[in-house]
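Trainee: For reference, the file data-v6.pdb (PDB, C-alpha atoms, pLDDT in the B column) is included below:
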ATOM      1  CA  MET A 230     -10.063 -13.063 -23.255  1.00 50.00           C
ATOM      2  CA  ALA A 231     -13.331 -11.855 -21.791  1.00 54.00           C
ATOM      3  CA  GLY A 232     -13.165 -11.697 -18.027  1.00 61.00           C
ATOM      4  CA  ALA A 233      -9.396 -12.239 -17.773  1.00 74.00           C
ATOM      5  CA  LEU A 234      -7.573  -9.818 -15.500  1.00 90.00           C
ATOM      6  CA  GLU A 235      -4.918  -7.560 -16.958  1.00 94.00           C
ATOM      7  CA  ARG A 236      -1.464  -7.799 -15.434  1.00 95.00           C
ATOM      8  CA  GLN A 237       1.648  -5.714 -15.784  1.00 97.00           C
ATOM      9  CA  VAL A 238       4.280  -7.310 -18.024  1.00 97.00           C
ATOM     10  CA  VAL A 239       7.898  -6.180 -18.263  1.00 97.00           C
ATOM     11  CA  PHE A 240       9.701  -6.957 -21.535  1.00 98.00           C
ATOM     12  CA  ALA A 241      13.451  -6.481 -22.086  1.00 97.00           C
ATOM     13  CA  LEU A 242      14.503  -5.900 -25.685  1.00 97.00           C
ATOM     14  CA  GLY A 243      17.984  -6.036 -27.168  1.00 94.00           C
ATOM     15  CA  SER A 244      19.655  -5.936 -30.579  1.00 95.00           C
ATOM     16  CA  ASN A 245      23.277  -5.988 -31.687  1.00 93.00           C
ATOM     17  CA  LEU A 246      23.007  -6.806 -35.400  1.00 92.00           C
ATOM     18  CA  GLY A 247      21.925  -4.582 -38.273  1.00 90.00           C
ATOM     19  CA  GLU A 248      19.864  -1.471 -37.657  1.00 94.00           C
ATOM     20  CA  ARG A 249      19.638  -1.999 -33.914  1.00 95.00           C
ATOM     21  CA  LEU A 250      17.342   0.916 -33.080  1.00 97.00           C
ATOM     22  CA  ALA A 251      14.930   0.047 -35.893  1.00 96.00           C
ATOM     23  CA  ARG A 252      14.812  -3.549 -34.677  1.00 95.00           C
ATOM     24  CA  LEU A 253      13.982  -2.465 -31.110  1.00 97.00           C
ATOM     25  CA  GLN A 254      11.197  -0.272 -32.466  1.00 97.00           C
ATOM     26  CA  ALA A 255       9.926  -3.138 -34.643  1.00 95.00           C
ATOM     27  CA  GLY A 256       9.800  -5.348 -31.547  1.00 96.00           C
ATOM     28  CA  ILE A 257       7.753  -2.795 -29.614  1.00 97.00           C
ATOM     29  CA  ASP A 258       5.454  -2.259 -32.589  1.00 96.00           C
ATOM     30  CA  ALA A 259       4.938  -6.015 -33.068  1.00 95.00           C
ATOM     31  CA  LEU A 260       4.136  -6.611 -29.402  1.00 96.00           C
ATOM     32  CA  THR A 261       1.673  -3.723 -29.227  1.00 96.00           C
ATOM     33  CA  ALA A 262       0.100  -4.113 -32.674  1.00 94.00           C
ATOM     34  CA  ASP A 263      -3.299  -4.843 -31.155  1.00 90.00           C
ATOM     35  CA  GLN A 264      -5.052  -4.064 -27.895  1.00 90.00           C
ATOM     36  CA  GLU A 265      -4.100  -7.417 -26.327  1.00 96.00           C
ATOM     37  CA  ILE A 266      -0.764  -5.961 -25.164  1.00 97.00           C
ATOM     38  CA  ARG A 267      -1.034  -2.283 -24.274  1.00 96.00           C
ATOM     39  CA  ALA A 268       2.184  -0.375 -23.694  1.00 97.00           C
ATOM     40  CA  THR A 269       2.291   1.945 -20.699  1.00 96.00           C
ATOM     41  CA  ALA A 270       5.973   2.983 -20.667  1.00 97.00           C
ATOM     42  CA  VAL A 271       9.212   2.546 -22.550  1.00 97.00           C
ATOM     43  CA  SER A 272      12.681   3.264 -21.234  1.00 98.00           C
ATOM     44  CA  SER A 273      15.357   5.331 -22.833  1.00 97.00           C
ATOM     45  CA  VAL A 274      17.711   3.418 -25.121  1.00 98.00           C
ATOM     46  CA  TYR A 275      20.934   2.091 -23.599  1.00 97.00           C
ATOM     47  CA  GLU A 276      24.079   0.828 -25.283  1.00 96.00           C
ATOM     48  CA  THR A 277      25.513  -2.145 -23.435  1.00 91.00           C
ATOM     49  CA  THR A 278      28.504  -4.416 -23.445  1.00 86.00           C
ATOM     50  CA  PRO A 279      27.587  -8.040 -24.305  1.00 82.00           C
ATOM     51  CA  VAL A 280      27.371 -10.445 -21.346  1.00 77.00           C
ATOM     52  CA  GLY A 281      28.452 -14.061 -21.873  1.00 71.00           C
ATOM     53  CA  GLY A 282      28.641 -15.785 -25.227  1.00 66.00           C
ATOM     54  CA  PRO A 283      31.154 -15.236 -28.018  1.00 69.00           C
ATOM     55  CA  ASP A 284      32.872 -11.981 -28.946  1.00 74.00           C
ATOM     56  CA  GLN A 285      30.189  -9.786 -30.537  1.00 79.00           C
ATOM     57  CA  PRO A 286      29.081  -6.191 -31.202  1.00 89.00           C
ATOM     58  CA  VAL A 287      27.597  -3.989 -28.485  1.00 92.00           C
ATOM     59  CA  TYR A 288      23.852  -4.031 -27.886  1.00 91.00           C
ATOM     60  CA  LEU A 289      21.126  -1.480 -27.772  1.00 97.00           C
ATOM     61  CA  ASN A 290      18.698  -2.346 -24.976  1.00 96.00           C
ATOM     62  CA  ALA A 291      15.387  -1.017 -23.701  1.00 98.00           C
ATOM     63  CA  VAL A 292      12.540  -2.079 -21.433  1.00 98.00           C
ATOM     64  CA  LEU A 293       8.875  -1.978 -22.384  1.00 98.00           C
ATOM     65  CA  ILE A 294       6.203  -2.028 -19.697  1.00 98.00           C
ATOM     66  CA  ALA A 295       2.737  -3.103 -20.753  1.00 97.00           C
ATOM     67  CA  VAL A 296      -0.521  -4.537 -19.466  1.00 97.00           C
ATOM     68  CA  SER A 297      -2.174  -7.641 -20.859  1.00 97.00           C
ATOM     69  CA  ALA A 298      -4.672 -10.338 -19.973  1.00 96.00           C
ATOM     70  CA  LEU A 299      -2.930 -12.845 -22.254  1.00 96.00           C
ATOM     71  CA  PRO A 300      -1.457 -15.961 -20.634  1.00 94.00           C
ATOM     72  CA  ALA A 301       2.316 -15.817 -20.134  1.00 94.00           C
ATOM     73  CA  ARG A 302       2.854 -18.594 -22.693  1.00 94.00           C
ATOM     74  CA  THR A 303       0.956 -16.576 -25.324  1.00 95.00           C
ATOM     75  CA  LEU A 304       3.090 -13.538 -24.469  1.00 96.00           C
ATOM     76  CA  LEU A 305       6.208 -15.677 -25.037  1.00 95.00           C
ATOM     77  CA  ASP A 306       4.823 -16.792 -28.409  1.00 94.00           C
ATOM     78  CA  ARG A 307       4.334 -13.122 -29.337  1.00 96.00           C
ATOM     79  CA  CYS A 308       7.926 -12.334 -28.333  1.00 95.00           C
ATOM     80  CA  GLN A 309       9.288 -15.174 -30.445  1.00 93.00           C
ATOM     81  CA  ALA A 310       7.135 -14.178 -33.436  1.00 93.00           C
ATOM     82  CA  ALA A 311       8.505 -10.616 -33.225  1.00 94.00           C
ATOM     83  CA  GLU A 312      12.061 -12.001 -33.051  1.00 91.00           C
ATOM     84  CA  ARG A 313      11.489 -14.187 -36.122  1.00 91.00           C
ATOM     85  CA  ALA A 314       9.997 -11.233 -38.018  1.00 90.00           C
ATOM     86  CA  SER A 315      13.252  -9.352 -37.347  1.00 88.00           C
ATOM     87  CA  GLY A 316      15.338 -12.212 -38.731  1.00 78.00           C
ATOM     88  CA  ARG A 317      16.331 -13.842 -35.440  1.00 68.00           C
ATOM     89  CA  VAL A 318      17.983 -17.231 -35.892  1.00 68.00           C
ATOM     90  CA  ARG A 319      18.862 -19.206 -32.757  1.00 62.00           C
ATOM     91  CA  THR A 320      22.223 -20.855 -33.346  1.00 67.00           C
ATOM     92  CA  VAL A 321      24.611 -19.842 -30.553  1.00 63.00           C
ATOM     93  CA  ARG A 322      23.467 -19.428 -26.957  1.00 64.00           C
ATOM     94  CA  TRP A 323      23.994 -15.812 -25.895  1.00 59.00           C
ATOM     95  CA  GLY A 324      25.272 -15.086 -29.390  1.00 64.00           C
ATOM     96  CA  PRO A 325      24.617 -11.970 -31.459  1.00 79.00           C
ATOM     97  CA  ARG A 326      20.995 -11.328 -32.400  1.00 85.00           C
ATOM     98  CA  THR A 327      18.927  -9.118 -34.590  1.00 87.00           C
ATOM     99  CA  LEU A 328      16.297  -8.939 -31.852  1.00 94.00           C
ATOM    100  CA  ASP A 329      15.937 -10.538 -28.445  1.00 92.00           C
ATOM    101  CA  ILE A 330      12.817 -10.067 -26.326  1.00 95.00           C
ATOM    102  CA  ASP A 331      12.595 -11.534 -22.838  1.00 93.00           C
ATOM    103  CA  ILE A 332       9.670 -11.482 -20.447  1.00 96.00           C
ATOM    104  CA  ILE A 333      11.161 -10.290 -17.163  1.00 96.00           C
ATOM    105  CA  THR A 334       8.002 -10.352 -15.063  1.00 94.00           C
ATOM    106  CA  CYS A 335       4.332 -11.010 -15.581  1.00 95.00           C
ATOM    107  CA  ASP A 336       3.019  -9.319 -12.451  1.00 92.00           C
ATOM    108  CA  ALA A 337       3.834 -11.636  -9.541  1.00 87.00           C
ATOM    109  CA  GLU A 338       3.416 -14.830 -11.593  1.00 89.00           C
ATOM    110  CA  THR A 339       6.051 -17.488 -10.998  1.00 85.00           C
ATOM    111  CA  SER A 340       6.946 -20.361 -13.299  1.00 87.00           C
ATOM    112  CA  ASP A 341       9.677 -23.000 -13.273  1.00 86.00           C
ATOM    113  CA  ASP A 342       8.940 -24.066 -16.865  1.00 84.00           C
ATOM    114  CA  PRO A 343      12.333 -24.319 -18.639  1.00 83.00           C
ATOM    115  CA  GLU A 344      10.826 -22.541 -21.663  1.00 86.00           C
ATOM    116  CA  LEU A 345       9.425 -19.672 -19.580  1.00 89.00           C
ATOM    117  CA  THR A 346      10.865 -19.125 -16.122  1.00 85.00           C
ATOM    118  CA  LEU A 347       9.187 -16.246 -14.282  1.00 89.00           C
ATOM    119  CA  PRO A 348      10.435 -13.946 -13.079  1.00 88.00           C
ATOM    120  CA  HIS A 349      13.377 -14.091 -15.481  1.00 87.00           C
ATOM    121  CA  PRO A 350      16.039 -16.101 -13.627  1.00 83.00           C
ATOM    122  CA  ARG A 351      18.956 -13.753 -14.353  1.00 88.00           C
ATOM    123  CA  ALA A 352      17.231 -10.355 -14.403  1.00 91.00           C
ATOM    124  CA  HIS A 353      18.602  -9.442 -10.962  1.00 90.00           C
ATOM    125  CA  GLU A 354      22.174  -9.897 -12.302  1.00 89.00           C
ATOM    126  CA  ARG A 355      21.824  -7.914 -15.516  1.00 89.00           C
ATOM    127  CA  ALA A 356      22.454  -4.196 -15.503  1.00 91.00           C
ATOM    128  CA  PHE A 357      21.253  -4.058 -19.122  1.00 91.00           C
ATOM    129  CA  VAL A 358      17.791  -5.044 -17.816  1.00 94.00           C
ATOM    130  CA  LEU A 359      17.791  -3.291 -14.433  1.00 94.00           C
ATOM    131  CA  VAL A 360      18.981   0.154 -15.539  1.00 94.00           C
ATOM    132  CA  PRO A 361      16.444   0.594 -18.372  1.00 96.00           C
ATOM    133  CA  TRP A 362      13.685  -0.915 -16.206  1.00 96.00           C
ATOM    134  CA  LEU A 363      14.406   1.590 -13.448  1.00 95.00           C
ATOM    135  CA  ASP A 364      14.339   4.337 -16.088  1.00 95.00           C
ATOM    136  CA  ALA A 365      10.860   3.241 -17.235  1.00 97.00           C
ATOM    137  CA  ASP A 366       9.500   2.600 -13.727  1.00 97.00           C
ATOM    138  CA  PRO A 367      11.387   4.096 -10.753  1.00 96.00           C
ATOM    139  CA  ASP A 368       9.085   2.213  -8.340  1.00 96.00           C
ATOM    140  CA  ALA A 369       9.541  -1.210  -9.973  1.00 95.00           C
ATOM    141  CA  GLU A 370       9.960  -4.369  -7.928  1.00 94.00           C
ATOM    142  CA  LEU A 371      11.407  -7.699  -9.033  1.00 94.00           C
ATOM    143  CA  PRO A 372       9.516 -10.508  -7.275  1.00 93.00           C
ATOM    144  CA  GLY A 373      11.835 -12.341  -4.910  1.00 91.00           C
ATOM    145  CA  PHE A 374      14.512  -9.627  -5.086  1.00 91.00           C
ATOM    146  CA  GLY A 375      12.833  -6.409  -3.999  1.00 92.00           C
ATOM    147  CA  ARG A 376      13.083  -2.905  -5.379  1.00 94.00           C
ATOM    148  CA  VAL A 377      14.787  -2.633  -8.746  1.00 94.00           C
ATOM    149  CA  ALA A 378      16.361   0.627  -7.552  1.00 93.00           C
ATOM    150  CA  ASP A 379      18.381  -1.370  -4.993  1.00 91.00           C
ATOM    151  CA  LEU A 380      19.708  -3.992  -7.423  1.00 89.00           C
ATOM    152  CA  PRO A 381      22.070  -2.214  -9.874  1.00 79.00           C
ATOM    153  CA  ALA A 382      24.462  -1.332  -7.037  1.00 75.00           C
ATOM    154  CA  SER A 383      25.162  -5.026  -6.494  1.00 74.00           C
ATOM    155  CA  VAL A 384      25.924  -5.742 -10.177  1.00 76.00           C
ATOM    156  CA  GLY A 385      27.612  -2.508 -11.244  1.00 68.00           C
ATOM    157  CA  ASP A 386      26.736  -0.621 -14.400  1.00 68.00           C
ATOM    158  CA  GLY A 387      27.881  -3.544 -16.580  1.00 69.00           C
ATOM    159  CA  GLY A 388      28.939  -1.266 -19.418  1.00 83.00           C
ATOM    160  CA  VAL A 389      25.441   0.267 -19.671  1.00 92.00           C
ATOM    161  CA  ARG A 390      25.386   3.750 -21.172  1.00 94.00           C
ATOM    162  CA  ARG A 391      22.284   5.827 -21.882  1.00 96.00           C
ATOM    163  CA  ARG A 392      22.017   6.985 -25.510  1.00 96.00           C
ATOM    164  CA  ASP A 393      20.150  10.276 -25.433  1.00 96.00           C
ATOM    165  CA  ASP A 394      20.567  10.551 -29.208  1.00 96.00           C
ATOM    166  CA  PHE A 395      18.225   7.549 -29.672  1.00 97.00           C
ATOM    167  CA  SER A 396      14.595   7.152 -28.669  1.00 95.00           C
ATOM    168  CA  LEU A 397      11.730   4.728 -29.036  1.00 96.00           C
ATOM    169  CA  ARG A 398       8.066   5.548 -29.396  1.00 94.00           C
ATOM    170  CA  LEU A 399       4.893   4.021 -28.077  1.00 91.00           C
ATOM    171  CA  SER A 400       1.790   3.826 -30.201  1.00 74.00           C
ATOM    172  CA  ARG A 401      -0.775   6.575 -29.874  1.00 60.00           C
ATOM    173  CA  ARG A 402      -2.768   4.166 -27.694  1.00 50.00           C
ATOM    174  CA  ALA A 403      -0.112   4.266 -24.985  1.00 45.00           C
ATOM    175  CA  SER A 404      -1.455   5.837 -21.843  1.00 41.00           C
ATOM    176  CA  ARG A 405       1.852   7.068 -20.445  1.00 38.00           C
ATOM    177  CA  ARG A 406       5.298   7.917 -21.737  1.00 37.00           C
ATOM    178  CA  THR A 407       8.440   7.823 -19.614  1.00 37.00           C
ATOM    179  CA  GLY A 408      12.156   7.666 -20.257  1.00 40.00           C
ATOM    180  CA  ALA A 409      12.315   8.163 -24.001  1.00 39.00           C
ATOM    181  CA  ALA A 410      10.435  10.807 -25.895  1.00 35.00           C
ATOM    182  CA  MET A 411       8.384   9.914 -28.924  1.00 35.00           C
ATOM    183  CA  ALA A 412      10.768   9.209 -31.804  1.00 37.00           C
ATOM    184  CA  ASP A 413      10.783  11.427 -34.833  1.00 35.00           C
ATOM    185  CA  GLY A 414      11.309   8.436 -37.090  1.00 38.00           C
ATOM    186  CA  ALA A 415      14.931   9.288 -37.863  1.00 38.00           C
ATOM    187  CA  PRO A 416      17.136   6.306 -38.686  1.00 39.00           C
ATOM    188  CA  GLU A 417      19.996   5.295 -36.441  1.00 40.00           C
ATOM    189  CA  PRO A 418      23.136   7.313 -37.253  1.00 36.00           C
ATOM    190  CA  ALA A 419      25.820   5.526 -39.290  1.00 33.00           C
ATOM    191  CA  ASN A 420      28.402   5.983 -36.485  1.00 29.00           C
ATOM    192  CA  ARG A 421      26.387   3.845 -34.107  1.00 31.00           C
ATOM    193  CA  GLY A 422      29.377   1.922 -32.785  1.00 32.00           C
ATOM    194  CA  GLY A 423      28.092  -1.569 -33.386  1.00 33.00           C
TER
END
Let's see the structure in the file written out as structure tokens.

Mentor:
Amino acid sequence: MAGALERQVVFALGSNLGERLARLQAGIDALTADQEIRATAVSSVYETTPVGGPDQPVYLNAVLIAVSALPARTLLDRCQAAERASGRVRTVRWGPRTLDIDIITCDAETSDDPELTLPHPRAHERAFVLVPWLDADPDAELPGFGRVADLPASVGDGGVRRRDDFSLRLSRRASRRTGAAMADGAPEPANRGG
């Protein structure tokens, strides 16, 4: 990607099946396994009530902020590869998942492609995206909607609760840490509630 300009990319990660925290960490590790996607911040971990879809367990959610020169479509391919590696099977829309990774923004890029709409078409309505994103970047802006700090008030907290007993880590290459401290590698406690 010689000569391509790096852009900020915001990824939202969620898991409500299996070892949820380990799956979020695996998603971050898969996305940032090489220098083509460089993490700059990760939010704290939040437990959230499912939105839409069938009755299902509660989620753990986080937001990863990174920089990359990769095309948005390649970033989507990386997200889907990480999901597959965590055992994601797409059967029920908005159903339970081992790992879900969405691209929320890719700088100010816009796309109406049904496979990759940018910015994410429902991000402004989802507290489980907005609250962790604000945690990772208090100055964040959602193209077309303004400051992220102004958006959660219009959607409520949506059952989003910060889990200070959980944390995610960025690789040693990460240039900045916010929200969550570096994890000590401890597994998710057995009483994780979902």

Trainee: Could you give me, as a tab-separated table, a per-residue list for region 232-273 of chain A showing, wherever an atom lies at most 9 Å from an atom of region 324-330 of chain A, the closest pair of atoms and their distance in Å to one decimal, using all atoms listed in the file and sorting by chain then residue number from low to high?

Mentor:
residue	atom	partner	partner_atom	distance
A:Phe240	CA	A:Ile330	CA	6.5
A:Ala241	CA	A:Ile330	CA	5.6
A:Leu242	CA	A:Ile330	CA	4.5
A:Gly243	CA	A:Asp329	CA	5.1
A:Ser244	CA	A:Leu328	CA	4.7
A:Asn245	CA	A:Arg326	CA	5.9
A:Leu246	CA	A:Thr327	CA	4.8
A:Gly247	CA	A:Thr327	CA	6.6
A:Glu248	CA	A:Thr327	CA	8.3
A:Arg249	CA	A:Thr327	CA	7.2
A:Arg252	CA	A:Leu328	CA	6.3
A:Leu253	CA	A:Leu328	CA	6.9
A:Gly256	CA	A:Leu328	CA	7.4

Trainee: Quote the spacing between CA of Arg302 (chain A) and CA of Arg236 (chain A) in Å to one decimal place.

Mentor: 13.7 Å

Trainee: Using Å and a single decimal, report how far CA of Ile332 (chain A) sits from CA of Ala310 (chain A).

Mentor: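 Separation of CA of Ala310 (chain A) and CA of Ile332 (chain A): 13.5 Å.
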
Trainee: Starting from the PyMOL selection byres ((chain A and resi 365-369) around 10), expand the selection into actual residues of this file and give them as a count of residues only.

Mentor: 27

Trainee: Excluding same-chain residues fewer than 6 positions from Phe357 (chain A), what lies within 9 Å of it counting all atoms listed in the file, as a list of chain:residue names?

Mentor: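 The contact residues come out as A:Ala241, A:Gly243, A:Tyr275, A:Glu276, A:Thr277, A:Thr278, A:Asn290, A:Ala291, A:Asp386, A:Gly387, A:Gly388, A:Val389.
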
Trainee: By how many Å are CA of Leu299 (chain A) and CA of Glu265 (chain A) apart?

Mentor: 6.9 Å

Trainee: Apply the PyMOL selection byres ((chain A and resi 342-347) around 9) to the structure shown and report the selected residues as a list in words.

Mentor: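 Selected by the PyMOL selection byres ((chain A and resi 342-347) around 9) in this file: Ala301, Arg302, Leu305, Ile332, Ile333, Thr334, Cys335, Ala337, Glu338, Thr339, Ser340, Asp341, Pro348, His349 and Pro350 of chain A.
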
Trainee: Pick the closest to Ala356 (chain A) from A:Ala311, A:Ala268, A:Ala259, A:Val280: which is it, counting only C-alpha atoms?

Mentor: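 With only C-alpha atoms as the atom set, the closest residue is A:Val280.
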
Trainee: Nearest to Leu260 (chain A): which of A:Val358, A:Ala352, A:Val238, A:Val384 is it, counting only C-alpha atoms?

Mentor: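 Counting only C-alpha atoms, the residue closest to Leu260 (chain A) is A:Val238.
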
Trainee: Would you kindly return, as a VMD selection string, each protein, DNA or RNA residue with an atom no farther than 12 Å from any atom of Ala298 (chain A), considering only C-alpha atoms and excluding same-chain residues fewer than 2 positions away?

Mentor: chain A and resid 230 to 238 264 to 267 295 to 296 300 to 304 335 to 336

Trainee: Hey, which of A:Ala382, A:Pro279, A:Ala255, A:Ser315 ends up closest to Leu399 (chain A)? Count all atoms listed in the file.

Mentor: A:Ala255

Trainee: Which residue gives the smallest distance to Val287 (chain A) among A:Arg390, A:Phe395, A:Ile257, A:Ser400, with all atoms listed in the file counted?

Mentor: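 Checking each of A:Arg390, A:Phe395, A:Ile257, A:Ser400 against Val287 (chain A), counting all atoms listed in the file, the winner is A:Arg390.
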